[in-house]
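So the structure is just underneath, and the comments pick up after that.
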Amino acid sequence: MKTFDLDHDSVRELNAHIHSASREQIAVDNAGGRHALAVGATDENEITINGNVGYYCAGMNQQASITINGHAGPGLAENMMSGSIRVTGDASQYCAATAHGGLVVIEGNASSRCGISMKGVNIVVRGNVGHMSAFMAQSGALVVCGDAGDALGDSIYEAHLYVRGKVASLGADCEEKPMDDEHRRELQQLLDSAGVTDMSVDDFTRYGSARKLYHFNIDNAGAY
Amino acid sequence: MCGIVGLYAKTPSVSNQLGTHVAAMLVQMGERGPDSAGTAFYADGKGRSKVTIQHDDTAVLDDALQKLSAAFPVTTRSRGTHRVIESGENADAVAEWIAAHLPDVRIMSAGERIEIYKEKGHPREFVEQYALDDISGSHALAHTRMATESAITTSHSHPFSTGLDLCLVHNGSLSNHNRLRMQLEKTGIKFQTDNDSEVAAGYLTSRLMQGDSLRQALQAAIRDLDGFYTFAIGTRDGFAVLRDPIACKPAVLAETDDWVAMASEYRAIAQLPGADKARVWEPEPAQIYSWEAGQAA
């Protein structure tokens with residue numbers, strides 16, 4: 001295993017190594033809130049980061065499996081393509097923004113704008129998510145085991161939202177939907193892949209698009 | 001952008017090294033704001049009032065201190081382009097006398113505990129020039145500025161004094177500050193600059209003068225201030241933190257048995273002893289967080 005101690009090694013050295021490594025185990029100590037750690041990984045490396053991380057950790061990830069033993073700052077897993085990311089603490093705002101694929105698991109809470117403009121990523125949050133989560137979410141799934149803040153799923157397209165707790169308010173064009181067998185199956189699979197074993201799919205409510213705002217229609221002007 | 005840090009000491013070991021800790025936190029936030037830097041330190045004045053004045057020209061300061069000494073029995077301390085005037089007189093009275101008789105010098109702060117130092121330039125230069133290491137005290141706020149809406153001068157730098165022992169630092173931008181400034185000026189609030197954050201400070205001053213508690217004033221600010229903000233407000237006995245309801249501007253809070261800290265980013269907090277064991281969380285939008293005399297409220 002290759003280990004980087006960021007009190008001595010630079011972030012650039014770490015990221016350069018990640019970009020050239022393949023099927024390696026890489027450990028990062030003393031993250032110290034530094035920015036842009038493990039960004040742009042393209043191979044199946046297993047990366048473990050110890051400590052809280054700053055902005056944009058694990059951005060654009062492809063294939064790597066990244067664990068953060070700590071909290072994550074704003075912009076975690078931005079535009080992730082594939083692979084998986086697990087945060088043992090909380091994630092700050094716009095986690096997994098615009099992400100196309102892969103799995104992001106937040107064991108604590110995610111704050112505002114979680115999954116904003118998500119395009120295929122799956123996100124499982126054990127705690128709560130903040131306001132404006134899944135704003136303009138296009139595809140993929142957001143699972144919230146706790147509560148969701150205001151304006152959940154505002155202007156949502158076809159992403160699937162599952163919330164176990166309370167929703168402070170739904171955003172424009174987002175509505176509660178029935179849980180069919182296919183949704184139960186999908187949710188169970190997501191909970192399994194996230195390692196959430198103490199919750200029942202029956203306790204979740206599904207939300208999605210009312211599909212009124214896809215195309216401008218003057219009759220719907222009040223809903224925008 | 002801009003960077004904010006705040007530190008509240010719960011133990012003498014942190015209190016004795018307050019300046020060193022705040023300097024380390026501030027330098028970490030340099031990338032968020034290289035244009036100017038400033039600090040507000042709170043330390044026991046031992047029954048004497050403190051008024052901090054500033055001028056770029058030492059000769060002007062020397063002349064001011066000579067005139068002041070003739071008017072009041074004062075002791076003075078020097079730090080950078082600032083002078084802290086300590087006296088047995090009430091801080092308000094000293095500040096009023098300075099405003100009336102020494103119009104050239106800027107009054108940075110007045111009160112029993114507060115000392116504000118601020119200067120244009122990179123936070124690293126500020127920390128070197130102002131040699132903060134020997135400062136002890138109960139708590140402090142600091143700011144690094146990336147100017148977006150008004151000029152880069154010492155006057156435009158943060159913290160802004162908002163009354164006796166009160167100050168404000170701001171990360172964000174306000175959009176209704178011009179109209180609000182006009183309204184506040186009509187009620188007698190005076191402004192030194194065209195800066196938006198100074199209007200937020202003036203707004204709080206005005207509310208507090210009308211009898212609001214700090215919490216009431218901040219509640220009213222959520223209603224009346226339009227724009228983006230994370231505020232940290234220094235008070236005589238602690239500090240408060242408030243984010244706007246949209247909460248785009250970052251803030252992190254952390255607490256151990258030895259200190260309470262806030263910062264725009266965790267990497268500033270990471271400079272503190274025991275940070276890796278601290279409880280760390282993000283303040284909720286439109287919620288007021290405050291610490292006074294060790295009590296979270």
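By convention in this document, the chains of the structure tokens carry letters A, B, ... by their order, each chain's residues are numbered from 1, and ligands are numbered from 1 in the order they are shown.
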Chain B near chain A within 12 Å: what's each residue's closest atom pair and its distance in Å to one decimal, counting only C-alpha atoms, ordered by chain then ascending residue number, as JSON lines?
{"residue": "B:Gln28", "atom": "CA", "partner": "A:Arg34", "partner_atom": "CA", "distance": 10.2}
{"residue": "B:Met29", "atom": "CA", "partner": "A:Arg34", "partner_atom": "CA", "distance": 11.6}
{"residue": "B:Glu31", "atom": "CA", "partner": "A:His35", "partner_atom": "CA", "distance": 11.6}
{"residue": "B:Pro245", "atom": "CA", "partner": "A:His131", "partner_atom": "CA", "distance": 9.5}
{"residue": "B:Ile246", "atom": "CA", "partner": "A:His131", "partner_atom": "CA", "distance": 8.3}
{"residue": "B:Ala247", "atom": "CA", "partner": "A:Ser112", "partner_atom": "CA", "distance": 8.0}
{"residue": "B:Cys248", "atom": "CA", "partner": "A:Gln93", "partner_atom": "CA", "distance": 8.1}
{"residue": "B:Lys249", "atom": "CA", "partner": "A:Gln93", "partner_atom": "CA", "distance": 9.8}
{"residue": "B:Pro250", "atom": "CA", "partner": "A:Pro74", "partner_atom": "CA", "distance": 8.1}
{"residue": "B:Ala251", "atom": "CA", "partner": "A:Ser92", "partner_atom": "CA", "distance": 9.6}
{"residue": "B:Val252", "atom": "CA", "partner": "A:Gly73", "partner_atom": "CA", "distance": 9.2}
{"residue": "B:Ala254", "atom": "CA", "partner": "A:His71", "partner_atom": "CA", "distance": 11.9}
{"residue": "B:Ala263", "atom": "CA", "partner": "A:Gly33", "partner_atom": "CA", "distance": 11.5}
{"residue": "B:Ser264", "atom": "CA", "partner": "A:Gly73", "partner_atom": "CA", "distance": 10.4}
{"residue": "B:Glu265", "atom": "CA", "partner": "A:Gly54", "partner_atom": "CA", "distance": 7.1}
{"residue": "B:Tyr266", "atom": "CA", "partner": "A:Gly33", "partner_atom": "CA", "distance": 5.3}
{"residue": "B:Arg267", "atom": "CA", "partner": "A:Gly33", "partner_atom": "CA", "distance": 4.3}
{"residue": "B:Ala268", "atom": "CA", "partner": "A:Gly33", "partner_atom": "CA", "distance": 8.1}
{"residue": "B:Ile269", "atom": "CA", "partner": "A:Gly33", "partner_atom": "CA", "distance": 8.6}
{"residue": "B:Ala270", "atom": "CA", "partner": "A:Gly32", "partner_atom": "CA", "distance": 5.6}
{"residue": "B:Gln271", "atom": "CA", "partner": "A:Gly32", "partner_atom": "CA", "distance": 8.3}
{"residue": "B:Leu272", "atom": "CA", "partner": "A:Gly32", "partner_atom": "CA", "distance": 10.8}
{"residue": "B:Gly274", "atom": "CA", "partner": "A:Gly32", "partner_atom": "CA", "distance": 11.9}
{"residue": "B:Ala275", "atom": "CA", "partner": "A:Gly32", "partner_atom": "CA", "distance": 9.1}
{"residue": "B:Asp276", "atom": "CA", "partner": "A:Gly51", "partner_atom": "CA", "distance": 7.2}
{"residue": "B:Lys277", "atom": "CA", "partner": "A:Gly51", "partner_atom": "CA", "distance": 9.9}
{"residue": "B:Ala278", "atom": "CA", "partner": "A:Asn52", "partner_atom": "CA", "distance": 10.9}
{"residue": "B:Arg279", "atom": "CA", "partner": "A:His71", "partner_atom": "CA", "distance": 10.5}
{"residue": "B:Val280", "atom": "CA", "partner": "A:His71", "partner_atom": "CA", "distance": 8.2}
{"residue": "B:Trp281", "atom": "CA", "partner": "A:Asp90", "partner_atom": "CA", "distance": 7.9}
{"residue": "B:Glu282", "atom": "CA", "partner": "A:Ser92", "partner_atom": "CA", "distance": 7.3}
{"residue": "B:Pro283", "atom": "CA", "partner": "A:Ser111", "partner_atom": "CA", "distance": 9.6}
{"residue": "B:Glu284", "atom": "CA", "partner": "A:Ser111", "partner_atom": "CA", "distance": 8.4}
{"residue": "B:Pro285", "atom": "CA", "partner": "A:His131", "partner_atom": "CA", "distance": 9.1}
{"residue": "B:Ala286", "atom": "CA", "partner": "A:His131", "partner_atom": "CA", "distance": 11.9}
> Per DSSP on the backbone, what are the alpha helix (DSSP H) residues of region 142-198 of chain B, as an MDAnalysis selection string?
Replying inline: chainID B and resid 177:186 196:198
>> Run DSSP on the backbone and tell me which residues of region 9-199 of chain A come out as strand (DSSP E); list them as number ranges by chain.
In response: A: 25-29, 46-50, 65-69, 84-87, 103-106, 119-125, 139-144, 160-163, 174-177
Could you save the residues just selected, with C-alpha atoms, as a PDB file, in the first residue's frame?
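Output below, filename again_24.pdb:
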ATOM      1  CA  GLN A  25      -4.410   0.573  -2.407  1.00  0.00           C
ATOM      2  CA  ILE A  26      -3.609   4.160  -1.541  1.00  0.00           C
ATOM      3  CA  ALA A  27      -3.883   5.710   1.928  1.00  0.00           C
ATOM      4  CA  VAL A  28      -3.921   9.431   2.652  1.00  0.00           C
ATOM      5  CA  ASP A  29      -3.245  10.708   6.173  1.00  0.00           C
ATOM      6  CA  GLU A  46      -8.905   1.793  -3.528  1.00  0.00           C
ATOM      7  CA  ILE A  47      -8.233   5.122  -1.852  1.00  0.00           C
ATOM      8  CA  THR A  48      -8.680   5.743   1.872  1.00  0.00           C
ATOM      9  CA  ILE A  49      -8.477   9.321   3.130  1.00  0.00           C
ATOM     10  CA  ASN A  50      -8.136   9.890   6.877  1.00  0.00           C
ATOM     11  CA  SER A  65     -13.392   3.352  -4.721  1.00  0.00           C
ATOM     12  CA  ILE A  66     -12.750   6.204  -2.268  1.00  0.00           C
ATOM     13  CA  THR A  67     -13.434   6.201   1.470  1.00  0.00           C
ATOM     14  CA  ILE A  68     -13.201   9.389   3.517  1.00  0.00           C
ATOM     15  CA  ASN A  69     -12.885   8.757   7.235  1.00  0.00           C
ATOM     16  CA  SER A  84     -17.898   4.606  -5.370  1.00  0.00           C
ATOM     17  CA  ILE A  85     -17.371   7.112  -2.592  1.00  0.00           C
ATOM     18  CA  ARG A  86     -18.138   6.672   1.084  1.00  0.00           C
ATOM     19  CA  VAL A  87     -17.954   9.436   3.697  1.00  0.00           C
ATOM     20  CA  LEU A 103     -22.465   5.401  -5.925  1.00  0.00           C
ATOM     21  CA  VAL A 104     -21.985   8.041  -3.214  1.00  0.00           C
ATOM     22  CA  VAL A 105     -22.727   7.013   0.372  1.00  0.00           C
ATOM     23  CA  ILE A 106     -22.834   9.627   3.131  1.00  0.00           C
ATOM     24  CA  LYS A 119     -27.363  12.816 -14.179  1.00  0.00           C
ATOM     25  CA  GLY A 120     -27.281   9.156 -13.267  1.00  0.00           C
ATOM     26  CA  VAL A 121     -25.395   8.853  -9.975  1.00  0.00           C
ATOM     27  CA  ASN A 122     -26.918   6.991  -7.044  1.00  0.00           C
ATOM     28  CA  ILE A 123     -26.667   8.742  -3.670  1.00  0.00           C
ATOM     29  CA  VAL A 124     -27.519   7.188  -0.306  1.00  0.00           C
ATOM     30  CA  VAL A 125     -27.521   9.497   2.735  1.00  0.00           C
ATOM     31  CA  SER A 139     -31.555  10.653 -13.602  1.00  0.00           C
ATOM     32  CA  GLY A 140     -30.199   8.319 -10.959  1.00  0.00           C
ATOM     33  CA  ALA A 141     -31.544   7.978  -7.430  1.00  0.00           C
ATOM     34  CA  LEU A 142     -31.264   9.901  -4.174  1.00  0.00           C
ATOM     35  CA  VAL A 143     -32.046   7.913  -1.034  1.00  0.00           C
ATOM     36  CA  VAL A 144     -32.463   9.903   2.192  1.00  0.00           C
ATOM     37  CA  HIS A 160     -35.923   8.829  -8.341  1.00  0.00           C
ATOM     38  CA  LEU A 161     -36.125  10.208  -4.812  1.00  0.00           C
ATOM     39  CA  TYR A 162     -36.763   8.059  -1.741  1.00  0.00           C
ATOM     40  CA  VAL A 163     -37.112   9.696   1.676  1.00  0.00           C
ATOM     41  CA  CYS A 174     -41.967  17.473  -7.567  1.00  0.00           C
ATOM     42  CA  GLU A 175     -44.672  15.214  -6.143  1.00  0.00           C
ATOM     43  CA  GLU A 176     -45.176  12.122  -4.042  1.00  0.00           C
ATOM     44  CA  LYS A 177     -45.485   8.951  -6.127  1.00  0.00           C
TER      45      LYS A 177
END
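Each of B:Ala131, B:Leu26, B:Ala110, B:Ile288 was checked against Ser78 (chain B) using only C-alpha atoms; the smallest atom-to-atom distance is that of B:Ala131.
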>> Give me, as a list in words, all polymer residues having an atom no more than 10 Å from Leu18 (chain B), counting only C-alpha atoms and skipping those fewer than 5 positions away in the same chain.
In response: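 So the residues in contact are Leu7, Tyr8, Ala9, Pro12, Ser13, Ala23, Phe41, Tyr42, Ala43, Leu132, Asp133, Asp134, Ile135, Ser136, Gly137, Ser138, His139 and Ala140 of chain B.
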Which residues are close to Tyr229 (chain B), i.e. within 8 Å by only C-alpha atoms, leaving aside same-chain residues fewer than 4 positions away? Reply as a PDB file with N, CA and C atoms, in the first residue's frame.
ATOM      1  N   HIS B 170     -17.912  39.707   7.437  1.00  0.00           N
ATOM      2  CA  HIS B 170     -18.919  39.283   6.456  1.00  0.00           C
ATOM      3  C   HIS B 170     -18.236  38.590   5.295  1.00  0.00           C
ATOM      4  N   ASN B 171     -18.778  37.441   4.903  1.00  0.00           N
ATOM      5  CA  ASN B 171     -18.417  36.823   3.629  1.00  0.00           C
ATOM      6  C   ASN B 171     -19.684  36.799   2.797  1.00  0.00           C
ATOM      7  N   GLY B 172     -19.663  37.521   1.681  1.00  0.00           N
ATOM      8  CA  GLY B 172     -20.851  37.545   0.833  1.00  0.00           C
ATOM      9  C   GLY B 172     -21.010  38.898   0.185  1.00  0.00           C
ATOM     10  N   SER B 173     -22.226  39.187  -0.264  1.00  0.00           N
ATOM     11  CA  SER B 173     -22.496  40.507  -0.839  1.00  0.00           C
ATOM     12  C   SER B 173     -23.964  40.809  -0.598  1.00  0.00           C
ATOM     13  N   LEU B 174     -24.220  42.072  -0.289  1.00  0.00           N
ATOM     14  CA  LEU B 174     -25.601  42.493  -0.050  1.00  0.00           C
ATOM     15  C   LEU B 174     -26.093  43.251  -1.267  1.00  0.00           C
ATOM     16  N   LEU B 242     -24.188  33.740  11.760  1.00  0.00           N
ATOM     17  CA  LEU B 242     -25.472  33.678  11.039  1.00  0.00           C
ATOM     18  C   LEU B 242     -25.216  33.537   9.542  1.00  0.00           C
ATOM     19  N   ARG B 243     -25.910  32.580   8.915  1.00  0.00           N
ATOM     20  CA  ARG B 243     -25.869  32.439   7.454  1.00  0.00           C
ATOM     21  C   ARG B 243     -27.226  32.822   6.880  1.00  0.00           C
ATOM     22  N   ASP B 244     -27.241  33.338   5.668  1.00  0.00           N
ATOM     23  CA  ASP B 244     -28.513  33.710   5.040  1.00  0.00           C
ATOM     24  C   ASP B 244     -29.315  32.436   4.713  1.00  0.00           C
ATOM     25  N   ALA B 247     -27.815  30.194   2.013  1.00  0.00           N
ATOM     26  CA  ALA B 247     -26.609  29.549   2.545  1.00  0.00           C
ATOM     27  C   ALA B 247     -25.658  29.035   1.469  1.00  0.00           C
ATOM     28  N   LYS B 249     -22.797  30.710   1.008  1.00  0.00           N
ATOM     29  CA  LYS B 249     -21.481  31.033   1.560  1.00  0.00           C
ATOM     30  C   LYS B 249     -21.142  30.040   2.666  1.00  0.00           C
TER      31      LYS B 249
END
Listing only residues of region 37-57 of chain A within 8 Å of region 5-16 of chain A, what is the closest atom pair and its distance in Å (to one decimal) for each, using only C-alpha atoms, sorted by chain and residue number ascending, as JSON lines?
{"residue": "A:Leu37", "atom": "CA", "partner": "A:Val11", "partner_atom": "CA", "distance": 6.5}
{"residue": "A:Ala38", "atom": "CA", "partner": "A:Asn15", "partner_atom": "CA", "distance": 5.5}
{"residue": "A:Val39", "atom": "CA", "partner": "A:Asn15", "partner_atom": "CA", "distance": 6.6}
{"residue": "A:Gly40", "atom": "CA", "partner": "A:Asn15", "partner_atom": "CA", "distance": 7.8}
{"residue": "A:Ala41", "atom": "CA", "partner": "A:Asn15", "partner_atom": "CA", "distance": 7.9}
> Counting only C-alpha atoms, what is within 6 Å of Ala96 (chain A), bar same-chain residues fewer than 3 positions away, as a list in words?
Replying inline: Leu76, Ala77, Glu78, Ala99 and Gly115 of chain A
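For the pair CA of Glu128 (chain B) and CA of Val169 (chain B), the interatomic distance is 21.1 Å.
Proximity ranking of B:Lys67, B:Gly30, B:Thr11, B:Gln287 relative to Thr230 (chain B) places B:Gln287 first, based on only C-alpha atoms.
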>> I want to know what sits within 9 Å of Lys46 (chain B), based on only C-alpha atoms, with residues of the same chain fewer than 2 positions away left out; could you give that as a list in words?
In response: Ala43, Asp44, Arg48, Ser49, Glu112 and Arg113 of chain B
Selected residues written out, C-alpha atoms, as a CSV table (one decimal), in the first residue's frame:
chain,number,residue,atom,x,y,z
B,43,ALA,CA,-9.2,41.0,26.2
B,44,ASP,CA,-10.0,42.1,29.7
B,48,ARG,CA,-10.2,50.7,31.7
B,49,SER,CA,-11.8,51.5,28.4
B,112,GLU,CA,-14.0,47.7,27.4
B,113,ARG,CA,-12.5,44.7,25.7
>> Would you pick out the contacts of region 164-168 of chain A at 7 Å or less, using only C-alpha atoms, so that residues sharing its chain but fewer than 3 positions from it are not included, and give the list as a ChimeraX atom specification?
In response: /A:144-150,203-205
Selection from above, N, CA and C atoms, as a CSV table (one decimal), in the first residue's frame, can you write it?
chain,number,residue,atom,x,y,z
A,144,VAL,N,-32.7,9.1,1.0
A,144,VAL,CA,-32.5,9.9,2.2
A,144,VAL,C,-33.1,9.1,3.3
A,145,CYS,N,-32.3,8.6,4.2
A,145,CYS,CA,-32.8,7.8,5.3
A,145,CYS,C,-33.3,8.7,6.5
A,146,GLY,N,-32.9,9.9,6.5
A,146,GLY,CA,-33.5,10.9,7.5
A,146,GLY,C,-34.5,11.8,6.8
A,147,ASP,N,-34.4,13.1,7.2
A,147,ASP,CA,-35.3,14.1,6.7
A,147,ASP,C,-34.7,14.9,5.5
A,148,ALA,N,-35.6,15.5,4.7
A,148,ALA,CA,-35.1,16.3,3.6
A,148,ALA,C,-35.5,17.8,3.9
A,149,GLY,N,-34.7,18.7,3.5
A,149,GLY,CA,-35.0,20.1,3.7
A,149,GLY,C,-36.0,20.7,2.7
A,150,ASP,N,-36.1,22.0,2.7
A,150,ASP,CA,-37.0,22.7,1.8
A,150,ASP,C,-36.7,22.4,0.3
A,203,ASP,N,-40.7,1.8,4.8
A,203,ASP,CA,-40.7,3.1,5.6
A,203,ASP,C,-40.4,4.3,4.7
A,204,PHE,N,-40.1,4.1,3.4
A,204,PHE,CA,-39.7,5.2,2.6
A,204,PHE,C,-40.9,5.6,1.7
A,205,THR,N,-40.8,6.9,1.3
A,205,THR,CA,-41.8,7.5,0.4
A,205,THR,C,-41.1,7.9,-0.9
